[in-house]
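**Q** Got a structure for you, final.cif, holding mmCIF, C-alpha atoms and all ligand atoms.
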```
data_start
loop_
_atom_site.label_atom_id
_atom_site.label_comp_id
_atom_site.auth_asym_id
_atom_site.auth_seq_id
_atom_site.Cartn_x
_atom_site.Cartn_y
_atom_site.Cartn_z
CA MET A 110 -25.46 154.83 -110.30
CA LYS A 111 -23.12 156.27 -107.69
CA ASN A 112 -20.21 158.63 -108.34
CA VAL A 113 -17.43 159.81 -106.01
CA ARG A 114 -15.51 163.04 -105.86
CA VAL A 115 -11.86 162.46 -104.98
CA HIS A 116 -9.84 165.46 -103.79
CA PRO A 117 -6.05 165.70 -103.97
CA ALA A 118 -4.42 163.94 -101.01
CA PRO A 119 -0.91 162.98 -102.01
CA THR A 120 0.10 161.79 -98.55
CA LEU A 121 -1.47 158.51 -97.49
CA LYS A 122 -0.41 157.27 -94.06
CA GLY A 123 -1.46 154.53 -91.70
CA GLU A 124 -2.26 150.90 -91.35
CA ILE A 125 -5.12 148.88 -92.85
CA GLN A 126 -6.21 145.32 -93.25
CA VAL A 127 -7.56 144.72 -96.74
CA PRO A 128 -10.58 142.38 -97.13
CA GLY A 129 -10.31 138.67 -97.77
CA ASP A 130 -8.87 137.34 -101.00
CA LYS A 131 -11.59 137.02 -103.63
CA SER A 132 -10.17 133.92 -105.34
CA VAL A 133 -9.59 132.12 -102.04
CA SER A 134 -13.02 133.18 -100.73
CA HIS A 135 -14.85 131.68 -103.74
CA ARG A 136 -12.97 128.43 -103.35
CA ALA A 137 -13.52 128.34 -99.58
CA VAL A 138 -17.30 128.56 -100.08
CA MET A 139 -17.34 126.06 -102.96
CA LEU A 140 -15.08 123.44 -101.43
CA SER A 141 -16.73 123.77 -97.99
CA ALA A 142 -20.14 123.22 -99.62
CA LEU A 143 -18.78 120.02 -101.22
CA SER A 144 -17.15 118.82 -97.98
CA GLU A 145 -18.52 116.29 -95.51
CA GLY A 146 -19.61 118.41 -92.51
CA VAL A 147 -19.64 121.97 -91.20
CA SER A 148 -16.90 124.55 -91.94
CA THR A 149 -16.47 127.96 -90.31
CA LEU A 150 -14.82 130.55 -92.56
CA ARG A 151 -13.23 133.69 -91.11
CA GLY A 152 -12.04 136.70 -93.05
CA LEU A 153 -14.17 135.71 -96.05
CA LEU A 154 -14.64 138.55 -98.55
CA MET A 155 -18.21 139.79 -98.21
CA GLY A 156 -18.14 141.37 -101.66
CA GLU A 157 -20.88 140.87 -104.23
CA ASP A 158 -18.89 138.30 -106.21
CA VAL A 159 -18.56 135.95 -103.24
CA LEU A 160 -22.19 136.59 -102.30
CA SER A 161 -23.07 135.37 -105.80
CA THR A 162 -21.22 132.12 -105.11
CA ILE A 163 -23.03 131.76 -101.77
CA GLY A 164 -26.36 132.43 -103.53
CA CYS A 165 -25.67 129.66 -106.07
CA PHE A 166 -24.96 127.10 -103.35
CA ARG A 167 -28.03 128.08 -101.37
CA GLU A 168 -30.07 127.46 -104.51
CA LEU A 169 -28.37 124.05 -104.75
CA GLY A 170 -29.55 123.18 -101.25
CA VAL A 171 -26.52 124.12 -99.16
CA GLN A 172 -27.17 125.98 -95.90
CA VAL A 173 -24.83 128.97 -95.53
CA GLU A 174 -25.14 131.16 -92.42
CA ILE A 175 -23.62 134.64 -92.47
CA PHE A 176 -22.59 136.18 -89.10
CA PRO A 177 -20.72 139.46 -88.60
CA ASP A 178 -17.45 137.66 -87.79
CA ARG A 179 -17.77 134.36 -89.71
CA VAL A 180 -19.60 132.38 -92.34
CA VAL A 181 -20.72 128.84 -91.56
CA VAL A 182 -21.15 126.42 -94.48
CA HIS A 183 -23.02 123.17 -93.93
CA GLY A 184 -21.30 120.91 -96.44
CA VAL A 185 -23.35 118.29 -98.24
CA GLY A 186 -20.50 116.22 -99.69
CA LEU A 187 -19.69 115.82 -103.38
CA LYS A 188 -22.97 114.05 -104.10
CA GLY A 189 -25.37 116.06 -101.92
CA LEU A 190 -26.31 119.05 -104.12
CA ARG A 191 -30.00 119.39 -105.00
CA PRO A 192 -31.35 120.40 -108.43
CA PRO A 193 -31.84 124.18 -108.54
CA GLN A 194 -35.36 125.54 -108.92
CA ARG A 195 -34.16 128.82 -110.44
CA VAL A 196 -31.49 130.07 -112.80
CA LEU A 197 -28.22 130.45 -110.85
CA ASP A 198 -27.23 134.12 -110.85
CA CYS A 199 -23.45 134.61 -110.96
CA GLY A 200 -23.73 138.44 -111.01
CA ASN A 201 -20.48 140.00 -112.20
CA SER A 202 -18.34 137.04 -111.23
CA GLY A 203 -16.43 135.07 -113.86
CA THR A 204 -14.91 132.82 -111.19
CA THR A 205 -18.38 131.86 -109.94
CA MET A 206 -19.71 130.97 -113.38
CA ARG A 207 -16.65 129.09 -114.61
CA LEU A 208 -15.95 127.06 -111.47
CA MET A 209 -19.67 126.30 -111.00
CA MET A 210 -19.75 124.93 -114.56
CA GLY A 211 -17.04 122.44 -113.53
CA ILE A 212 -18.94 121.39 -110.41
CA LEU A 213 -22.30 121.17 -112.17
CA ALA A 214 -20.97 119.18 -115.14
CA GLY A 215 -20.91 115.98 -113.08
CA GLN A 216 -24.26 116.36 -111.26
CA PRO A 217 -27.21 114.11 -112.05
CA PHE A 218 -29.36 117.14 -112.94
CA GLU A 219 -29.61 120.14 -115.20
CA SER A 220 -28.63 123.70 -114.14
CA ARG A 221 -28.84 127.06 -115.82
CA LEU A 222 -26.42 129.92 -115.12
CA THR A 223 -26.56 133.60 -115.96
CA GLY A 224 -24.92 136.86 -114.95
CA ASP A 225 -24.97 140.62 -115.39
CA ALA A 226 -24.42 142.36 -118.74
CA SER A 227 -20.62 142.30 -118.32
CA LEU A 228 -20.41 138.61 -117.40
CA ASN A 229 -22.84 137.64 -120.14
CA ARG A 230 -20.41 139.04 -122.72
CA ARG A 231 -17.42 137.06 -121.41
CA PRO A 232 -16.24 133.82 -123.05
CA MET A 233 -17.48 130.58 -121.45
CA GLU A 234 -16.65 128.31 -124.38
CA ARG A 235 -13.10 127.98 -123.02
CA VAL A 236 -14.57 126.10 -120.03
CA ALA A 237 -17.41 124.37 -121.91
CA LYS A 238 -14.98 122.74 -124.37
CA PRO A 239 -13.00 120.54 -121.93
CA LEU A 240 -16.14 119.80 -119.91
CA ARG A 241 -17.85 118.55 -123.09
CA GLU A 242 -14.81 116.37 -123.78
CA MET A 243 -15.42 114.86 -120.33
CA GLY A 244 -19.00 114.06 -121.34
CA ALA A 245 -21.06 117.00 -120.05
CA GLN A 246 -23.65 118.68 -122.23
CA ILE A 247 -23.27 122.46 -122.25
CA GLU A 248 -25.23 124.92 -124.37
CA GLU A 249 -25.44 128.70 -124.47
CA PHE A 250 -28.70 130.51 -125.16
CA ARG A 251 -28.50 134.16 -126.07
CA ALA A 252 -31.41 136.58 -126.13
CA SER A 253 -29.11 139.54 -126.87
CA GLU A 254 -25.47 140.53 -126.52
CA THR A 255 -25.96 141.12 -122.79
CA GLU A 256 -28.43 138.35 -121.97
CA ARG A 257 -27.28 134.76 -121.87
CA VAL A 258 -28.10 131.52 -120.12
CA VAL A 259 -25.56 128.70 -119.96
CA LYS A 260 -27.29 125.35 -119.59
CA VAL A 261 -25.23 122.58 -118.00
CA THR A 262 -26.72 119.12 -118.26
CA GLY A 263 -24.75 116.98 -115.85
CA ARG A 264 -23.68 113.53 -117.08
CA PRO A 265 -21.40 110.74 -115.87
CA LEU A 266 -17.98 112.17 -116.71
CA ARG A 267 -14.76 110.53 -117.83
CA GLY A 268 -11.30 111.85 -116.98
CA ILE A 269 -9.33 113.69 -119.67
CA HIS A 270 -5.90 115.23 -119.95
CA TYR A 271 -6.28 118.80 -121.03
CA LYS A 272 -3.63 121.26 -122.17
CA LEU A 273 -4.78 124.77 -121.27
CA PRO A 274 -4.89 127.03 -124.35
CA VAL A 275 -4.49 130.14 -122.14
CA ALA A 276 -2.99 130.53 -118.67
CA SER A 277 -6.23 130.58 -116.72
CA ALA A 278 -6.83 129.42 -113.16
CA GLN A 279 -10.54 129.46 -113.86
CA ILE A 280 -10.33 126.90 -116.69
CA LYS A 281 -7.81 124.82 -114.73
CA SER A 282 -10.03 124.83 -111.62
CA ALA A 283 -13.21 124.01 -113.54
CA VAL A 284 -11.58 120.93 -115.10
CA LEU A 285 -10.08 119.78 -111.78
CA LEU A 286 -13.42 120.19 -109.99
CA ALA A 287 -15.16 118.20 -112.71
CA GLY A 288 -12.36 115.64 -112.27
CA LEU A 289 -13.60 114.97 -108.73
CA TYR A 290 -16.72 113.53 -110.41
CA ALA A 291 -15.09 111.84 -113.41
CA SER A 292 -14.09 108.22 -113.81
CA GLY A 293 -10.35 107.58 -113.75
CA GLU A 294 -7.78 110.35 -113.73
CA THR A 295 -8.18 113.95 -114.86
CA GLY A 296 -5.16 116.05 -115.66
CA VAL A 297 -4.49 119.62 -116.72
CA GLU A 298 -1.27 120.96 -118.13
CA GLU A 299 -0.40 124.64 -118.05
CA GLY A 300 2.31 126.27 -120.11
CA THR A 301 2.57 129.25 -117.75
CA ALA A 302 1.65 128.89 -114.10
CA SER A 303 -1.63 130.50 -113.01
CA ARG A 304 -2.87 130.98 -109.44
CA ASP A 305 -2.90 127.68 -107.54
CA HIS A 306 -5.45 128.34 -104.77
CA SER A 307 -7.68 125.45 -105.88
CA GLU A 308 -4.80 122.98 -105.72
CA ARG A 309 -3.69 124.21 -102.29
CA MET A 310 -7.17 124.11 -100.81
CA LEU A 311 -8.04 120.72 -102.29
CA ARG A 312 -4.87 119.27 -100.77
CA HIS A 313 -5.59 120.96 -97.46
CA LYS A 314 -8.97 119.25 -97.51
CA GLY A 315 -7.40 115.84 -97.97
CA VAL A 316 -7.63 115.40 -101.75
CA ALA A 317 -4.55 113.73 -103.24
CA LEU A 318 -3.25 115.71 -106.22
CA GLU A 319 -0.15 114.94 -108.20
CA ILE A 320 1.62 118.11 -109.24
CA SER A 321 4.82 118.19 -111.29
CA GLY A 322 6.25 120.16 -114.18
CA GLY A 323 3.11 122.18 -114.89
CA ARG A 324 0.85 119.08 -114.74
CA ILE A 325 -1.82 118.60 -112.13
CA ARG A 326 -3.66 115.29 -111.82
CA VAL A 327 -6.58 114.23 -109.67
CA ARG A 328 -8.37 110.90 -109.29
CA SER A 329 -12.08 110.55 -108.73
CA GLY A 330 -13.66 108.96 -105.69
CA GLN A 331 -12.05 111.26 -103.13
CA SER A 332 -14.01 113.09 -100.48
CA LEU A 333 -13.30 116.54 -99.06
CA LYS A 334 -13.05 117.02 -95.33
CA ALA A 335 -14.77 119.95 -93.66
CA GLU A 336 -12.39 122.29 -91.86
CA ASP A 337 -12.35 125.79 -90.49
CA LEU A 338 -10.49 128.25 -92.70
CA GLU A 339 -9.05 131.72 -92.35
CA ILE A 340 -8.87 133.70 -95.57
CA PRO A 341 -5.79 135.90 -96.21
CA GLY A 342 -6.17 139.52 -97.30
CA ASP A 343 -6.36 140.08 -101.05
CA ILE A 344 -3.07 141.17 -102.68
CA SER A 345 -5.15 142.41 -105.65
CA SER A 346 -6.91 144.84 -103.25
CA ALA A 347 -3.67 145.71 -101.43
CA ALA A 348 -2.24 146.62 -104.87
CA PHE A 349 -4.24 149.89 -104.95
CA PHE A 350 -2.55 151.11 -101.79
CA LEU A 351 0.86 149.70 -102.68
CA VAL A 352 0.75 151.93 -105.75
CA GLY A 353 -1.08 154.78 -103.97
CA GLY A 354 1.69 154.80 -101.34
CA ALA A 355 4.54 154.47 -103.85
CA ILE A 356 3.39 157.37 -106.08
CA GLY A 357 2.39 159.59 -103.13
CA LYS A 358 4.32 162.29 -101.31
CA ASP A 359 5.84 161.13 -98.01
CA SER A 360 3.29 158.34 -97.82
CA GLN A 361 3.85 155.32 -95.64
CA ILE A 362 1.32 152.51 -95.49
CA LEU A 363 1.31 149.20 -93.67
CA LEU A 364 -1.00 146.57 -95.15
CA LYS A 365 -1.61 143.79 -92.66
CA ASN A 366 -2.26 140.13 -93.36
CA VAL A 367 -1.91 140.08 -97.15
CA GLY A 368 -1.78 136.78 -99.07
CA VAL A 369 1.62 136.42 -100.76
CA ASN A 370 1.12 133.19 -102.68
CA PRO A 371 3.97 133.21 -105.27
CA THR A 372 1.45 132.78 -108.10
CA ARG A 373 0.03 136.20 -107.13
CA THR A 374 3.07 138.30 -106.18
CA GLY A 375 4.03 139.62 -109.62
CA ILE A 376 2.94 143.09 -108.46
CA LEU A 377 5.55 143.08 -105.68
CA GLU A 378 8.33 142.09 -108.08
CA VAL A 379 7.35 144.76 -110.62
CA LEU A 380 7.05 147.54 -108.03
CA GLN A 381 10.43 146.55 -106.61
CA ALA A 382 11.94 146.61 -110.12
CA MET A 383 10.41 150.08 -110.53
CA GLY A 384 12.31 151.14 -107.41
CA ALA A 385 9.58 151.00 -104.76
CA PRO A 386 10.84 150.31 -101.25
CA LEU A 387 8.59 147.41 -100.28
CA GLU A 388 9.07 145.49 -97.08
CA SER A 389 7.54 142.14 -96.39
CA LEU A 390 7.23 141.47 -92.66
CA ASN A 391 5.98 138.72 -90.39
CA LEU A 392 5.78 136.01 -93.08
CA ARG A 393 3.57 133.12 -91.94
CA GLU A 394 1.12 130.56 -93.31
CA ILE A 395 -2.64 130.31 -92.85
CA GLY A 396 -4.83 127.62 -94.37
CA GLY A 397 -2.06 126.50 -96.71
CA GLU A 398 -1.49 130.04 -98.06
CA PRO A 399 1.53 132.28 -97.27
CA VAL A 400 0.67 135.64 -95.67
CA ALA A 401 2.73 138.74 -94.75
CA ASP A 402 2.40 142.37 -93.71
CA LEU A 403 3.55 144.72 -96.48
CA ARG A 404 5.00 148.19 -95.97
CA VAL A 405 5.38 150.75 -98.76
CA ARG A 406 6.81 154.27 -98.88
CA SER A 407 6.79 156.99 -101.55
CA VAL A 408 9.61 157.06 -104.05
CA SER A 409 10.41 158.16 -107.63
CA LEU A 410 9.58 155.18 -109.80
CA ARG A 411 11.20 154.08 -113.06
CA ALA A 412 9.51 152.28 -115.96
CA ALA A 413 9.35 148.49 -116.26
CA ARG A 414 8.63 145.84 -118.84
CA ILE A 415 5.81 143.53 -117.81
CA ALA A 416 5.45 140.44 -120.00
CA GLY A 417 5.68 136.66 -120.31
CA ALA A 418 5.30 134.40 -117.28
CA LEU A 419 4.79 137.44 -115.04
CA ILE A 420 1.43 138.24 -116.63
CA PRO A 421 -0.77 135.58 -114.97
CA ARG A 422 0.91 136.46 -111.64
CA LEU A 423 -0.40 140.05 -111.81
CA ILE A 424 -3.17 139.96 -114.40
CA ASP A 425 -5.71 141.75 -112.18
CA GLU A 426 -3.17 144.38 -111.09
CA ILE A 427 -2.40 145.75 -114.57
CA PRO A 428 -4.91 148.65 -114.34
CA ILE A 429 -3.30 149.97 -111.13
CA LEU A 430 0.19 149.23 -112.51
CA CYS A 431 -0.73 151.55 -115.40
CA ILE A 432 -1.12 154.31 -112.80
CA ALA A 433 2.29 153.47 -111.31
CA ALA A 434 3.69 153.53 -114.86
CA ALA A 435 2.16 156.96 -115.51
CA ALA A 436 4.08 158.32 -112.51
CA ALA A 437 7.33 156.55 -113.43
CA GLN A 438 10.29 157.79 -115.46
CA GLY A 439 10.24 156.21 -118.92
CA THR A 440 7.85 154.07 -120.93
CA THR A 441 6.40 150.99 -119.30
CA GLU A 442 5.52 148.20 -121.72
CA VAL A 443 2.88 145.60 -120.96
CA ARG A 444 2.82 142.61 -123.37
CA ASP A 445 1.35 139.07 -123.60
CA ALA A 446 -1.74 140.30 -121.79
CA ALA A 447 -4.49 139.84 -124.40
CA GLU A 448 -6.60 138.29 -121.60
CA LEU A 449 -7.17 141.85 -120.37
CA ARG A 450 -9.53 142.31 -123.30
CA VAL A 451 -12.00 139.76 -121.84
CA LYS A 452 -12.05 140.76 -118.18
CA GLU A 453 -14.96 142.64 -116.53
CA THR A 454 -14.37 145.17 -119.32
CA ASP A 455 -11.78 145.41 -122.06
CA ARG A 456 -9.18 146.73 -119.63
CA ILE A 457 -6.68 147.72 -122.34
CA ALA A 458 -9.26 149.98 -123.99
CA ALA A 459 -10.52 151.27 -120.63
CA MET A 460 -7.08 152.19 -119.32
CA GLU A 461 -5.99 153.75 -122.63
CA ARG A 462 -9.12 155.94 -122.52
CA GLU A 463 -8.85 156.92 -118.83
CA LEU A 464 -5.08 157.51 -118.91
CA GLY A 465 -5.73 159.91 -121.78
CA LYS A 466 -8.08 161.94 -119.56
CA LEU A 467 -5.45 161.88 -116.82
CA GLY A 468 -3.02 163.55 -119.24
CA VAL A 469 -0.89 160.45 -119.77
CA LYS A 470 0.33 159.20 -123.15
CA ALA A 471 -0.83 155.61 -123.47
CA ARG A 472 -1.07 153.36 -126.51
CA GLY A 473 -3.16 150.21 -126.48
CA LEU A 474 -1.96 147.17 -128.41
CA PRO A 475 -3.77 143.89 -129.12
CA ASP A 476 -2.00 142.25 -126.18
CA GLY A 477 -0.91 145.11 -123.95
CA ILE A 478 -0.30 148.81 -123.50
CA ASP A 479 2.56 151.32 -123.51
CA VAL A 480 2.39 153.98 -120.81
CA ALA A 481 4.76 156.97 -120.99
CA GLY A 482 5.72 158.71 -117.77
CA PRO A 483 6.24 160.69 -115.74
CA ALA A 484 3.09 162.69 -116.38
CA THR A 485 1.54 165.60 -114.50
CA PHE A 486 -1.85 164.19 -113.64
CA GLN A 487 -4.94 166.14 -114.73
CA ALA A 488 -8.28 166.15 -112.95
CA GLY A 489 -11.28 164.78 -114.81
CA ASP A 490 -14.45 162.73 -114.84
CA PHE A 491 -13.11 159.20 -114.93
CA GLU A 492 -15.38 156.36 -116.06
CA SER A 493 -15.26 152.95 -114.43
CA GLY A 494 -17.20 151.34 -117.28
CA THR A 495 -18.62 149.22 -114.39
CA ASP A 496 -15.22 147.62 -113.85
CA HIS A 497 -14.19 147.63 -110.17
CA ARG A 498 -10.46 147.60 -110.84
CA VAL A 499 -10.66 150.52 -113.29
CA ALA A 500 -12.75 152.50 -110.75
CA MET A 501 -10.27 151.99 -107.91
CA SER A 502 -7.24 152.63 -110.13
CA MET A 503 -8.66 155.99 -111.23
CA ALA A 504 -9.55 156.91 -107.62
CA ILE A 505 -5.92 156.33 -106.61
CA ALA A 506 -4.71 158.39 -109.58
CA ALA A 507 -7.10 161.19 -108.54
CA THR A 508 -5.39 161.50 -105.12
CA ARG A 509 -2.43 162.92 -107.11
CA GLY A 510 -4.52 165.31 -109.20
CA PRO A 511 -4.25 169.14 -109.14
CA LYS A 512 -7.89 169.49 -108.03
CA ALA A 513 -10.91 167.30 -107.37
CA SER A 514 -11.81 164.60 -109.90
CA ARG A 515 -14.88 162.44 -110.16
CA VAL A 516 -14.96 158.70 -110.59
CA LEU A 517 -18.26 157.73 -112.19
CA ASP A 518 -20.29 154.61 -111.56
CA VAL A 519 -18.43 153.18 -108.59
CA ASP A 520 -21.07 150.67 -107.43
CA CYS A 521 -18.90 148.01 -109.07
CA VAL A 522 -16.32 148.41 -106.27
CA GLN A 523 -18.74 146.34 -104.14
CA THR A 524 -17.79 143.21 -106.09
CA SER A 525 -14.29 142.91 -104.61
CA TYR A 526 -13.59 145.71 -102.11
CA PRO A 527 -16.75 147.03 -100.41
CA ASN A 528 -14.87 149.29 -97.94
CA PHE A 529 -12.32 150.66 -100.42
CA PHE A 530 -13.37 154.31 -100.10
CA GLU A 531 -13.59 154.09 -96.27
CA GLN A 532 -10.07 152.66 -96.16
CA LEU A 533 -8.81 155.32 -98.58
CA GLN A 534 -10.27 157.93 -96.21
CA SER A 535 -8.75 156.28 -93.14
CA LEU A 536 -5.32 156.72 -94.77
CA GLY A 537 -5.93 160.42 -95.41
CA GLY A 538 -7.79 160.31 -98.73
CA LYS A 539 -10.53 162.91 -99.22
CA VAL A 540 -13.59 161.36 -100.77
CA GLU A 541 -17.20 162.52 -101.09
CA LEU A 542 -19.92 160.21 -102.27
CA GLU A 543 -22.38 161.68 -104.76
CA SER A 544 -25.57 159.90 -105.69
C1 LIG A 601 -9.32 134.14 -110.97
C2 LIG A 601 -8.47 133.93 -112.03
C3 LIG A 601 -8.11 134.98 -113.00
C4 LIG A 601 -8.41 136.37 -112.46
C5 LIG A 601 -9.76 136.45 -111.81
C6 LIG A 601 -9.88 135.46 -110.67
C7 LIG A 601 -9.64 132.99 -110.11
O1 LIG A 601 -8.85 134.78 -114.19
O2 LIG A 601 -8.31 137.34 -113.47
O3 LIG A 601 -10.00 137.74 -111.31
O4 LIG A 601 -10.16 133.20 -109.00
O5 LIG A 601 -9.39 131.85 -110.52
P1 LIG A 601 -8.37 133.71 -115.29
O6 LIG A 601 -8.13 132.43 -114.60
O7 LIG A 601 -9.46 133.58 -116.31
O8 LIG A 601 -7.13 134.30 -115.89
#
```
Spell out the structure here as structure tokens.

**A**
Amino acid sequence: MKNVRVHPAPTLKGEIQVPGDKSVSHRAVMLSALSEGVSTLRGLLMGEDVLSTIGCFRELGVQVEIFPDRVVVHGVGLKGLRPPQRVLDCGNSGTTMRLMMGILAGQPFESRLTGDASLNRRPMERVAKPLREMGAQIEEFRASETERVVKVTGRPLRGIHYKLPVASAQIKSAVLLAGLYASGETGVEEGTASRDHSERMLRHKGVALEISGGRIRVRSGQSLKAEDLEIPGDISSAAFFLVGGAIGKDSQILLKNVGVNPTRTGILEVLQAMGAPLESLNLREIGGEPVADLRVRSVSLRAARIAGALIPRLIDEIPILCIAAAAAQGTTEVRDAAELRVKETDRIAAMERELGKLGVKARGLPDGIDVAGPATFQAGDFESGTDHRVAMSMAIAATRGPKASRVLDVDCVQTSYPNFFEQLQSLGGKVELES
């Protein structure tokens, strides 16, 4: 278990390029593996979560070569996966397990999936249910609360039309991927829009999708074409420095090459509503995804209300938005975000607990949190609870502390942002690694 000591450093200045988008990286590996031919991926996130996805496909017989500047995936087509010899280890990654379940549901073989203690606690039934309706056989075996194997027995699938019970891109994507293997048409309907990276990448790879009024439909019998892809920077990683810059003192940060897909930009809208001077420069498109450079400067923030359709567009940014809220004038209310309770940790409970140590009044609710600001931040020993986004949020908060703080158990940062502490240092942060 690794801890870091973070010293006060209220002024963060400079320019960085955050690592590749985690959601897009998973899909780039998965859809390239299922394509006909070789794909070269640049800017892929080399975090543990994406390495888990790569590990699963290697076990399924897909050759994936990792070079310092690119990853080459030798696609086997939709029908070319081989039965795995071992249990597929999804590590900490919910996206890996849920999307793999969709892909494996239509294979002519049986697979078993597992993960770390955190992933093994998270709900998979939400994905298993529609896949069973399509004809797959899915069972969970539990040795203890933290040990689980999900067995997916692939079967010939039939298309269904499924109304998502929660706004979740992972459920939506799992059903659409299974739809590539199902007879007839498969459709999903979402009440509130969730991230649409799967739809964009499938279309980019030549799959015809019909999308209208919250309904997405796909027909079976389509093949995916191999193509080289560049992955945009992750707005969920950029979020730490957008907030770090906004709550700093005379900070100015330029974040280059950040994905600004409208299903992910809730953080930008909320920070702007809180008064943050954000600039979006050099807007362009790569691989079917919009990308821009983002500039942020320090400012006095005001509270916001974060609820409704905004929630899926910033769900992973709520921990760091709690830090922005703690520095802002007034009480920020987060609602309609019960999904936070089933992320890598219960993020409502984790942020309520850590904000308390920071000297901030916060009140957790079943579906959200109230954060009262502005607070004078205290130093402390902050606990990640093995959740990467909690760890990085508390590290950013600690840059505004009165003296050094510690963030405990920061290995988890490797899942999504392996060079987070180096980049924090390059902007003027003062960080010491303890072991
Ligand atoms: C993700 C979707 C979101 C998000 C997760 C990544 C994805 O989860 O929280 O970090 O890549 O599809 P849900 O779809 O379950 O809300």

**Q** Show me which residues line ligand LIG 601 (chain A), defined as having an atom within 6 Å of a ligand atom where all atoms listed in the file count, and present them as a list of chain:residue names.

**A**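 Taking all atoms listed in the file into account, the residues around ligand LIG 601 (chain A) at most 6 Å away are A:Ser132, A:Thr204, A:Ser277, A:Ala278, A:Gln279, A:Ile424, A:Asp425.
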
**Q** Which residues are near His135 in chain A? Cut-off 8 Å, all atoms listed in the file, ignore same chain within fewer than 2 positions. Put them as a CSV table (one decimal) with C-alpha atoms, in the frame of the given file.

**A**
```csv
chain,number,residue,atom,x,y,z
A,131,LYS,CA,-11.6,137.0,-103.6
A,132,SER,CA,-10.2,133.9,-105.3
A,133,VAL,CA,-9.6,132.1,-102.0
A,137,ALA,CA,-13.5,128.3,-99.6
A,138,VAL,CA,-17.3,128.6,-100.1
A,139,MET,CA,-17.3,126.1,-103.0
A,159,VAL,CA,-18.6,136.0,-103.2
A,162,THR,CA,-21.2,132.1,-105.1
A,204,THR,CA,-14.9,132.8,-111.2
A,205,THR,CA,-18.4,131.9,-109.9
```

**Q** List the spatial neighbours of Met206 in chain A as a PyMOL selection string - criterion: any atom at most 9 Å away, all atoms listed in the file, same-chain residues fewer than 6 positions off excluded.

**A** chain A and resi 162+197-200+222-224+228+233

**Q** Let me see the file: selected residues, C-alpha atoms, as a PDB file, keeping the file's coordinate frame.

**A**
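Final output, out-v7.pdb:
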```pdb
ATOM      1  CA  THR A 162     -21.220 132.120-105.110  1.00  0.00           C
ATOM      2  CA  LEU A 197     -28.220 130.450-110.850  1.00  0.00           C
ATOM      3  CA  ASP A 198     -27.230 134.120-110.850  1.00  0.00           C
ATOM      4  CA  CYS A 199     -23.450 134.610-110.960  1.00  0.00           C
ATOM      5  CA  GLY A 200     -23.730 138.440-111.010  1.00  0.00           C
ATOM      6  CA  LEU A 222     -26.420 129.920-115.120  1.00  0.00           C
ATOM      7  CA  THR A 223     -26.560 133.600-115.960  1.00  0.00           C
ATOM      8  CA  GLY A 224     -24.920 136.860-114.950  1.00  0.00           C
ATOM      9  CA  LEU A 228     -20.410 138.610-117.400  1.00  0.00           C
ATOM     10  CA  MET A 233     -17.480 130.580-121.450  1.00  0.00           C
TER      11      MET A 233
END
```

**Q** Record the distance separating CA of Thr495 in chain A and CA of Asn112 in chain A, expressed in Å with one decimal.

**A**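 These atoms are spaced 11.3 Å apart.
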
**Q** Identify, on the basis of all atoms listed in the file, every residue whose closest approach to His306 in chain A does not exceed 10 Å; exclude the query and any residue fewer than 2 positions from it along the same chain; express the result as a list in words.

**A**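 Counting all atoms listed in the file, the residues come to Ser132, Val133, Ser134, Arg136, Ala137, Ala278, Ser282, Ser303, Arg304, Glu308, Arg309, Met310, Leu311, Arg312, Asn370, Thr372, Arg373, Gly397 and Glu398 of chain A.
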
**Q** As an exercise, work out the distance from CA of Met210 in chain A to CA of Asp455 in chain A in Å and give it to one decimal place.

**A** 23.2 Å

**Q** Which residue gives the smallest distance to Gly368 in chain A among A:Ala385, A:Ala401, A:Met503, A:Ala416, with only C-alpha atoms counted?

**A** A:Ala401

**Q** Show which residues sit within 7 Å of His116 in chain A, as a list in words. Count only C-alpha atoms, and ignore same-chain residues fewer than 3 positions away.

**A** Ala507, Thr508, Lys512, Ala513, Ser514, Lys539 and Val540 of chain A

**Q** Write to file, as a compact mmCIF listing (two decimals), in the coordinates of the input, the residues of the selection just made, with C-alpha atoms.

**A**
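Below is the file out-v1.txt, written as the result:
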```txt
# COMPACT_ATOMS: atom_id res chain seq x y z
CA ALA A 507 -7.10 161.19 -108.54
CA THR A 508 -5.39 161.50 -105.12
CA LYS A 512 -7.89 169.49 -108.03
CA ALA A 513 -10.91 167.30 -107.37
CA SER A 514 -11.81 164.60 -109.90
CA LYS A 539 -10.53 162.91 -99.22
CA VAL A 540 -13.59 161.36 -100.77
```

**Q** Using all atoms listed in the file, which protein or nucleic acid residues come within 10 Å of Gly288 in chain A? Drop anything in the same chain fewer than 4 positions from it, and give the result as a ChimeraX atom specification.

**A** /A:211-212,214-215,240,243,266-269,282-284,292-297,326-330

**Q** Around the point (-31.7, 117.1, -110.0) (coordinates from the file), which residues reach within 7 Å if we count all atoms listed in the file? Answer as a PyMOL selection string.

**A** chain A and resi 191-192+217-219

**Q** So the first atom is CA of Thr441 in chain A and the second is CA of Ile478 in chain A; what is the distance between them in Å, to one decimal place?

**A**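 Taking CA of Thr441 in chain A and CA of Ile478 in chain A, their separation equals 8.2 Å.
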
**Q** Would you please work out which residue, of A:Val196, A:Ala435, A:Ile340, A:Leu410, is nearest to Val469 in chain A when using all atoms listed in the file?

**A**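 Under the stated criterion, the closest residue is A:Ala435.
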
**Q** Counting only C-alpha atoms, figure out which residue out of A:Ala446, A:Val352, A:Lys365, A:Lys452 gets nearest to Ala504 in chain A.

**A** A:Val352

**Q** Would you give the centre and edge lengths, in Å to one decimal, of a box along x, y and z around the listed atoms of range 141-148 of chain A, with 4 Å added to each side, as AutoDock Vina command-line options?

**A**
```
--center_x -18.4 --center_y 120.4 --center_z -96.2 --size_x 11.4 --size_y 16.3 --size_z 18.0
```
